[in-house]
Amino acid sequence: MGLRKNKQEIDVTAASGNKVANNRVDWRALWPSGDLARFCFVSLGILLHATNETMVATVMPAMVGELAGVHLVGWSLAIYELGAIVAGAAAGRLVSYVALRSNMMVAALLYATGALICATAPSMPLFLAGRLVEGLGGGALVSLAFVSVERLFARNIWPQLFGIMSAIWGVAAFSGPMLGAIMTEFLSWRWAFGVFTFGGAAMALASFIVLNTHEATRPQAGSGAAPSFPYPALACLALSVVLIAAAGIDIALLRSSLLLLLGLIGLALFFRIDTLRPRSRLFPSPLFSWRSPLGSGMTMVAAFSVATCTFTIYGPLLLTTLHGIPILTTGYIIAAESIAWSILSIVIANAPLERERLIIVIGALMIASGLAGFAYTIPAGSIPLILPCALLQGGGFGVCWPFLTRVIVASAREGEQTIASAAVPTMQRIGYAVGAALAGIVANASGFSEGLNREAAAGVAGWLFLAFVPLGILGCVAALRIALPVMRPQEAAG
């Protein structure tokens, strides 16, 4: 539960725009004790995971050109996110039974092993196996980073440490695409994963040296029983995503439709199982009910997470294949989307609370506009038109996401606020995994099942984004539902 608690503190603090408590931290005093070095080291796990997660988009064109398997491109994100979800949920519980240092070493070695498999993969299936192992290691590293703050550092500096860790995500979102583009342009896409192989191995070694305190070398089981691990729910989720992704391989109407239907049924079953197991549940209730801001908010999170991952996965591949746009340029575009998210989230953070629901609607409209714009600009190949769409999509998330998180947490039932806080990033990851699998179906049905060429890319470019516009509209409607409790009194007054 440590991860959930810490994540709630980050989201609520960022969303409220309040300044952190007036505890002044003497960073120089932390150096002699080794606390500052330990914090920098722990944060490296977040940087490794997040940078790798965003890097894949810009190495994809070169990788597919060498390994083929363009029909499996959607799996690269789906399988990584699945590993991260499972490992993230497990790591927060394992620290009750296994020392934090041991957990960190194993997670780092898993991460390095997965990166090495990706770097040396002779085929796309083996590359995907590496991505799964990478996701397991990276998801665990992130979870353990948040747990480490609670275990290793004084409570009075938690807000500052969490704030810095949140900023690291922004740095990683920018540096990932750039790293992939630069490595591919001047060396090889394999070296992009080679960097993370060395990084993971170095972190495993440093874990043994740096995490040498009593808190890090002893299990920290509390007085009560640790929350049980959601085995049935996560197994059902993994099977569902695999079924949806499998529906996009060798497109055949009956077979693909059946696999897609089974996958969607499995997703519904996953949420049902989660509801029935309160000791290990991942989501608050009522999860998707539009009678409450929580249900509308979680619907919005799910819809936009599924709908917006297509540009990250396929954008560089389509631009390079269709229009010959350099990989480095596509890296700049994806980085610009991340920068817009970070900058606007900072700019809007101090907006008056009474306007937060209106801001959520504005952010939702920005996201949907960017998504719809890609359906025209990607086939056209005009950078001056593509860039504004990327800025709209990323900026929309930056505008509304902090406020959306707070609305969801504030409207949760008594005793479920912690679960609600952790549910937002969990739902995002699930949305990315499902969205990647669905994008694979659309891309392969539109032409990529025949292989990677300019004609196939032309067929895919428009449909790949148009297919997700309805989900963008659903996200906007959910945002309007969140705003209704505020709008109605104003209408009555008029």
# chains A, B, ... in the order shown; residues from 1 in each chain; ligands from 1

$ residues_around --residues "Thr120 in chain A" --least-positions-apart "3" --cutoff "9 Å" --atoms "only C-alpha atoms" --output "PyMOL selection string"
chain A and resi 115-117+127+190+193-194

$ residues_around --residues "range 371-377 of chain A" --least-positions-apart "6" --cutoff "10 Å" --atoms "only C-alpha atoms" --output "PyMOL selection string"
chain A and resi 304+307-311+315+365+383-390+392-393+461-473

$ closest_residue --among "A:Ala478, A:Ala246, A:Ala457, A:Ala483" --to "Leu261 in chain A" --atoms "only C-alpha atoms"
A:Ala246

$ closest_residue --among "A:Ala145, A:Ile85, A:Ile348, A:Ala204" --to "Gly363 in chain A" --atoms "only C-alpha atoms"
A:Ile348

$ select_by_dssp --residues "range 244-450 of chain A" --states "alpha helix (DSSP H)" --output "number ranges by chain"
A: 244-246, 253-276, 293-323, 327-347, 356-380, 383-410, 417-446

$ closest_residue --among "A:Gly459, A:Gly398, A:Gly447, A:Gly295" --to "Gly475 in chain A" --atoms "only C-alpha atoms"
A:Gly295

$ closest_residue --among "A:Leu128, A:Ala380, A:Ala68, A:Leu82" --to "Ala235 in chain A" --atoms "only C-alpha atoms"
A:Leu82

$ closest_residue --among "A:Ser256, A:Ser382, A:Ser43, A:Ser175" --to "Ser338 in chain A" --atoms "only C-alpha atoms"
A:Ser175

$ closest_residue --among "A:Arg481, A:Met298, A:Met124, A:Cys40" --to "Gly65 in chain A" --atoms "only C-alpha atoms"
A:Met124

$ residues_around --residues "Ala108 in chain A" --least-positions-apart "5" --cutoff "9 Å" --atoms "only C-alpha atoms" --output "list in words"
Gly45, Asn103, Thr113, Gly137, Gly138, Ala140, Leu141, Gly199, Gly200, Ala201, Ala202, Met203, Ala204, Leu205 and Ser207 of chain A

$ write_last_selection --atoms "C-alpha atoms" --output "PDB file, in the first residue's frame"
ATOM      1  CA  GLY A  45      14.854   3.588 -11.685  1.00  0.00           C
ATOM      2  CA  ASN A 103      13.929  -6.355  -4.624  1.00  0.00           C
ATOM      3  CA  THR A 113      18.047  -8.738 -19.185  1.00  0.00           C
ATOM      4  CA  GLY A 137      11.724  -4.898 -14.407  1.00  0.00           C
ATOM      5  CA  GLY A 138      10.763  -1.307 -15.196  1.00  0.00           C
ATOM      6  CA  ALA A 140       8.983  -2.926 -10.385  1.00  0.00           C
ATOM      7  CA  LEU A 141      11.653  -0.198 -10.368  1.00  0.00           C
ATOM      8  CA  GLY A 199      22.099   1.105 -17.141  1.00  0.00           C
ATOM      9  CA  GLY A 200      20.119  -1.738 -15.576  1.00  0.00           C
ATOM     10  CA  ALA A 201      23.250  -3.747 -14.777  1.00  0.00           C
ATOM     11  CA  ALA A 202      24.910  -0.703 -13.215  1.00  0.00           C
ATOM     12  CA  MET A 203      21.845  -0.055 -11.097  1.00  0.00           C
ATOM     13  CA  ALA A 204      21.774  -3.648  -9.858  1.00  0.00           C
ATOM     14  CA  LEU A 205      25.406  -3.365  -8.771  1.00  0.00           C
ATOM     15  CA  SER A 207      21.838  -1.264  -5.299  1.00  0.00           C
TER      16      SER A 207
END
